[in-house]
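Colleague: Below is a structure I'd like to ask you about.
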Amino acid sequence: PCFRRGTSAGERVLRLYRSGALFIRTGASRLGISLRAARGERAAGLRELPGFPVAAGGRLAGAPLVLGSGSSAVAVLTLAGGRVVAMPLAGGSGGKEAAEAKLDGDAWLLAAEDEKGSPFVWALTRQGTVYRLDAKLEHLRPFPIAASSRPSSPPALAPSAAGAPGLAFGSKGGGIVIVSPGGEERRIELAGENALLSPPAFGGGMIAAYPKAFDGRLYLLGPDGSVMQGWPVPAGGIAFGSPLFAAGAAGSDAVAFLTQAGELSLRGIDGAFLPGFPLALGGSFRAAPTARAPAADGGASLYAIDAEGLVLGVSASGAVVAERREEGLRGGEASLEVARPYGDGREVLFAAGSGDGLYAFATDLEPLPGFPAKGAWLPALADID
C-alpha cells in the first residue's frame with residue numbers, strides 16, 4: 001500500500017508490521033479510517049496455500065461451506081441469482097473442475113452428513129423449494145420438493161436418531177416445518193403465535209423457538225413437538241436471534257436467550273432462571289450469543305457482541321468475565337462463532353460480518369496473532385491435507 005512506500009518516520013514504523021487490515025467507512029458527513037496491524041511474520045494459520053486464492057465466478061451471497069476432507073474436500077459457495085458452485089480445495093483446483101447447480105432463487109445452504117458419513121448440502125430458497133445435493137451438486141431423490149409453506153426464517157439442521165439430519169425452518173403461517181432426508185414434511189404448530197423470524201434451535205433431543213413479538217415468548221418442545229412443562233416463558237423483550245442450547249454452571253442443559261436491549265437469560269429445562277440470570281448487558285444486540293463448554297477456571301461460557309463492536313464474555317454463573325471493543329466490528333451486523341481450528345482442542349472465538357475483516361480471539365478475548373484477516377463472513381474450517 002502507498003503508506004508503506006515512503007521514507008518518513010511514520011512509514012518506517014508501519015513497515016515493521018507484516019499483516020493487517022485497513023478499514024475505510026463512510027457515514028453521515030464523515031469518513032472514518034482505522035488500521036489494525038500485527039507485528040512480525042504472518043501467523044502460520046494465515047498463509048495462502050498453493051493454488052489460492054481462486055475466483056468464485058460470481059458475487060458471493062453467503063458464507064462458504066466445506067464438504068468432505070482430504071483430496072475430496074470441496075468448498076460450496078452460494079452466488080447471487082440462485083447459483084451454487086462446488087470448488088475442489090486440495091491444491092486449489094487439484095486438476096478437478098468445479099461443479100455448479102442452478103436453484104430457483106437465492107437460497108440458504110447448510111452442510112450435513114448422512115448415516116454413512118457421506119456429505120451433502122441442504123438448500124432452501126425464499127420461495128420454499130427444498131433441495132438436497134451431494135458433493136458434486138447432483139440432486140438426491142426425491143428432491144427438489146416444494147414445502148407446504150414459504151419460510152419465515154433461515155433454516156437449521158434438525159438432528160435425527162435415524163441418521164442424516166433433516167431441515168427445519170419457521171413457516172410464514174406460523175409454527176415450524178421439518179423436512180426429512182426422504183422428503184417427508186412434518187409441521188409443529190405454535191397456536192396463537194407469530195411466525196419465527198430466526199431459526200429454531202435443537203439440542204438434547206429438544207427444540208427451542210422464538211416467535212418474534214414485542215411481548216414474545218420462548219418455547220421449549222419435546223421430540224414429539226409438545227410443549228415442555230414450565231414453558232413457554234416470557235422472552236424479556238424483542239430480539240433478533242434464536243434461543244441457544246448451552247450449559248449451566250453445573251454442566252446441566254440450559255437455554256440461553258439475548259434480547260435486543262441486552263437482557264441475557266439462561267434457563268434450566270424447567271423454565272426457571274439459573275442463578276445469576278437474567279443479566280443486563282446494556283447496549284443494542286442484533287445477533288444471538290454463542291456458547292462454549294463451561295470452563296473449570298470460571299472463564300466465559302457465553303459470548304455476545306453489541307452494535308458498537310463490544311464483545312462480552314459471560315460465565316455460566318452470570319458474571320461478565322471478559323470484554324473487548326473492536327471498531328472494525330461496529331454496525332450491528334457482526335456475529336460470533338466458537339470453533340476449534342487447530343486440531344488440538346483449543347477453542348477460538350471468531351467474529352465477522354460488520355465489514356471486510358475476520359477477527360479471532362482466544363477465549364479470554366485476547367486477539368490472536370495475524371488477525372484481523374480479509375473476510376466478510378464467519379469461516380468454514382477444512383481439513384484438506
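Here, A, B, ... name the chains of the C-alpha cells in the order displayed, residue numbers run from 1 inside each chain, and ligands are numbered from 1 in the same displayed order.
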Set the distance at 6 Å and use only C-alpha atoms: which residues neighbour Phe257 of chain A once local chain neighbours fewer than 5 positions away are removed? I'd like the list as a list of chain:residue names.
Modeller: A:Pro243, A:Leu264, A:Ser265
Colleague: If you keep N, CA and C atoms, can you produce a file of those selected residues as an mmCIF file, in the first residue's frame?
Modeller:
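Listed below is the output, part.cif:
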```
data_model
loop_
_atom_site.group_PDB
_atom_site.id
_atom_site.type_symbol
_atom_site.label_atom_id
_atom_site.label_comp_id
_atom_site.auth_asym_id
_atom_site.auth_seq_id
_atom_site.Cartn_x
_atom_site.Cartn_y
_atom_site.Cartn_z
ATOM 1 N N PRO A 243 -33.060 -18.728 20.332
ATOM 2 C CA PRO A 243 -32.573 -19.316 21.583
ATOM 3 C C PRO A 243 -31.344 -20.169 21.294
ATOM 4 N N LEU A 264 -29.712 -10.825 28.946
ATOM 5 C CA LEU A 264 -29.249 -12.182 28.697
ATOM 6 C C LEU A 264 -29.836 -13.110 29.753
ATOM 7 N N SER A 265 -30.569 -14.105 29.289
ATOM 8 C CA SER A 265 -31.176 -15.058 30.222
ATOM 9 C C SER A 265 -30.586 -16.444 29.990
#
```
Colleague: Considering only C-alpha atoms, tabulate each residue of segment 131-183 of chain A that lies at most 10 Å from segment 110-114 of chain A along with its nearest interatomic pair and the corresponding distance in Å to one decimal; arrange the rows by chain and ascending residue number and present them as JSON lines.
Modeller:
```
{"residue": "A:Arg132", "atom": "CA", "partner": "A:Leu110", "partner_atom": "CA", "distance": 9.8}
{"residue": "A:Leu133", "atom": "CA", "partner": "A:Ala111", "partner_atom": "CA", "distance": 9.7}
{"residue": "A:Asp134", "atom": "CA", "partner": "A:Glu113", "partner_atom": "CA", "distance": 9.7}
{"residue": "A:Ala135", "atom": "CA", "partner": "A:Ala111", "partner_atom": "CA", "distance": 9.8}
{"residue": "A:Pro155", "atom": "CA", "partner": "A:Leu110", "partner_atom": "CA", "distance": 8.0}
{"residue": "A:Ala156", "atom": "CA", "partner": "A:Leu110", "partner_atom": "CA", "distance": 7.5}
{"residue": "A:Leu157", "atom": "CA", "partner": "A:Leu110", "partner_atom": "CA", "distance": 7.4}
{"residue": "A:Pro159", "atom": "CA", "partner": "A:Ala112", "partner_atom": "CA", "distance": 10.0}
{"residue": "A:Ala162", "atom": "CA", "partner": "A:Asp114", "partner_atom": "CA", "distance": 9.6}
{"residue": "A:Gly163", "atom": "CA", "partner": "A:Asp114", "partner_atom": "CA", "distance": 6.0}
{"residue": "A:Ala164", "atom": "CA", "partner": "A:Asp114", "partner_atom": "CA", "distance": 4.0}
{"residue": "A:Pro165", "atom": "CA", "partner": "A:Ala112", "partner_atom": "CA", "distance": 7.0}
{"residue": "A:Gly166", "atom": "CA", "partner": "A:Ala112", "partner_atom": "CA", "distance": 9.1}
{"residue": "A:Leu167", "atom": "CA", "partner": "A:Leu110", "partner_atom": "CA", "distance": 8.7}
{"residue": "A:Pro181", "atom": "CA", "partner": "A:Asp114", "partner_atom": "CA", "distance": 8.7}
```
Colleague: Let me make sure I understand: among A:Leu109, A:Ala101, A:Ala300, A:Ala123, which one has the smallest atom-to-atom distance to Gly62 of chain A if we use only C-alpha atoms?
Modeller: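 Residue with the minimum atom-to-atom distance to Gly62 of chain A: A:Leu109.
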Colleague: Hey, could you make a per-residue contact list for segment 91-178 of chain A against segment 209-220 of chain A with 9 Å as the cut-off, showing the nearest pair of atoms and its distance in Å to one decimal, counting only C-alpha atoms, sorted by chain and number, as a tab-separated table?
Modeller:
```
residue	atom	partner	partner_atom	distance
A:Gly170	CA	A:Pro211	CA	8.7
A:Gly174	CA	A:Pro211	CA	8.1
A:Gly175	CA	A:Pro211	CA	8.2
A:Ile176	CA	A:Ala209	CA	8.7
```
Colleague: Would you write out those residues with N, CA and C atoms, as an mmCIF file, in the first residue's frame?
Modeller:
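Everything below was put into part-v9.cif:
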```
data_model
loop_
_atom_site.group_PDB
_atom_site.id
_atom_site.type_symbol
_atom_site.label_atom_id
_atom_site.label_comp_id
_atom_site.auth_asym_id
_atom_site.auth_seq_id
_atom_site.Cartn_x
_atom_site.Cartn_y
_atom_site.Cartn_z
ATOM 1 N N GLY A 170 -38.848 -21.813 10.151
ATOM 2 C CA GLY A 170 -40.120 -21.221 10.508
ATOM 3 C C GLY A 170 -41.019 -21.089 9.289
ATOM 4 N N GLY A 174 -46.878 -19.548 10.549
ATOM 5 C CA GLY A 174 -46.682 -19.851 11.963
ATOM 6 C C GLY A 174 -46.239 -21.284 12.159
ATOM 7 N N GLY A 175 -45.509 -21.529 13.234
ATOM 8 C CA GLY A 175 -45.037 -22.871 13.535
ATOM 9 C C GLY A 175 -43.729 -23.200 12.844
ATOM 10 N N ILE A 176 -43.375 -24.474 12.902
ATOM 11 C CA ILE A 176 -42.094 -24.971 12.409
ATOM 12 C C ILE A 176 -42.351 -26.071 11.393
#
```
Colleague: Per DSSP on the backbone, filter segment 23-120 of chain A down to the residues in strand (DSSP E or B) and report them as a count of residues only.
Modeller: 44
Colleague: With a distance cut-off of 12 Å and only C-alpha atoms, select the neighbouring residues of segment 314-317 of chain A, excluding the residue or stretch itself and same-chain residues fewer than 5 positions from it, and output the selection as a ChimeraX atom specification.
Modeller: /A:246-256,264-268,273-281,289-305,322-323,363-365
Colleague: Quick one: residues within 10 Å of Ser34 of chain A, only C-alpha atoms, excluding same-chain residues fewer than 3 positions away - as a PyMOL selection string?
Modeller: chain A and resi 21-25+37+327-328
Colleague: Have a look at A:Leu221, A:Leu329, A:Ile207, A:Ala98 and name the one nearest to Val76 of chain A; count only C-alpha atoms.
Modeller: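 The answer is A:Ala98, which sits nearest to Val76 of chain A.
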Colleague: Using only C-alpha atoms, which residue out of A:Arg150, A:Leu65, A:Ser72, A:Ala86 lies closest to Glu138 of chain A?
Modeller: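 Ranking A:Arg150, A:Leu65, A:Ser72, A:Ala86 by distance to Glu138 of chain A, first place goes to A:Ala86.
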Colleague: Between A:Lys102, A:Ile33, A:Pro200, A:Gly357, which residue has the minimum interatomic distance to His139 of chain A, considering only C-alpha atoms?
Modeller: A:Lys102
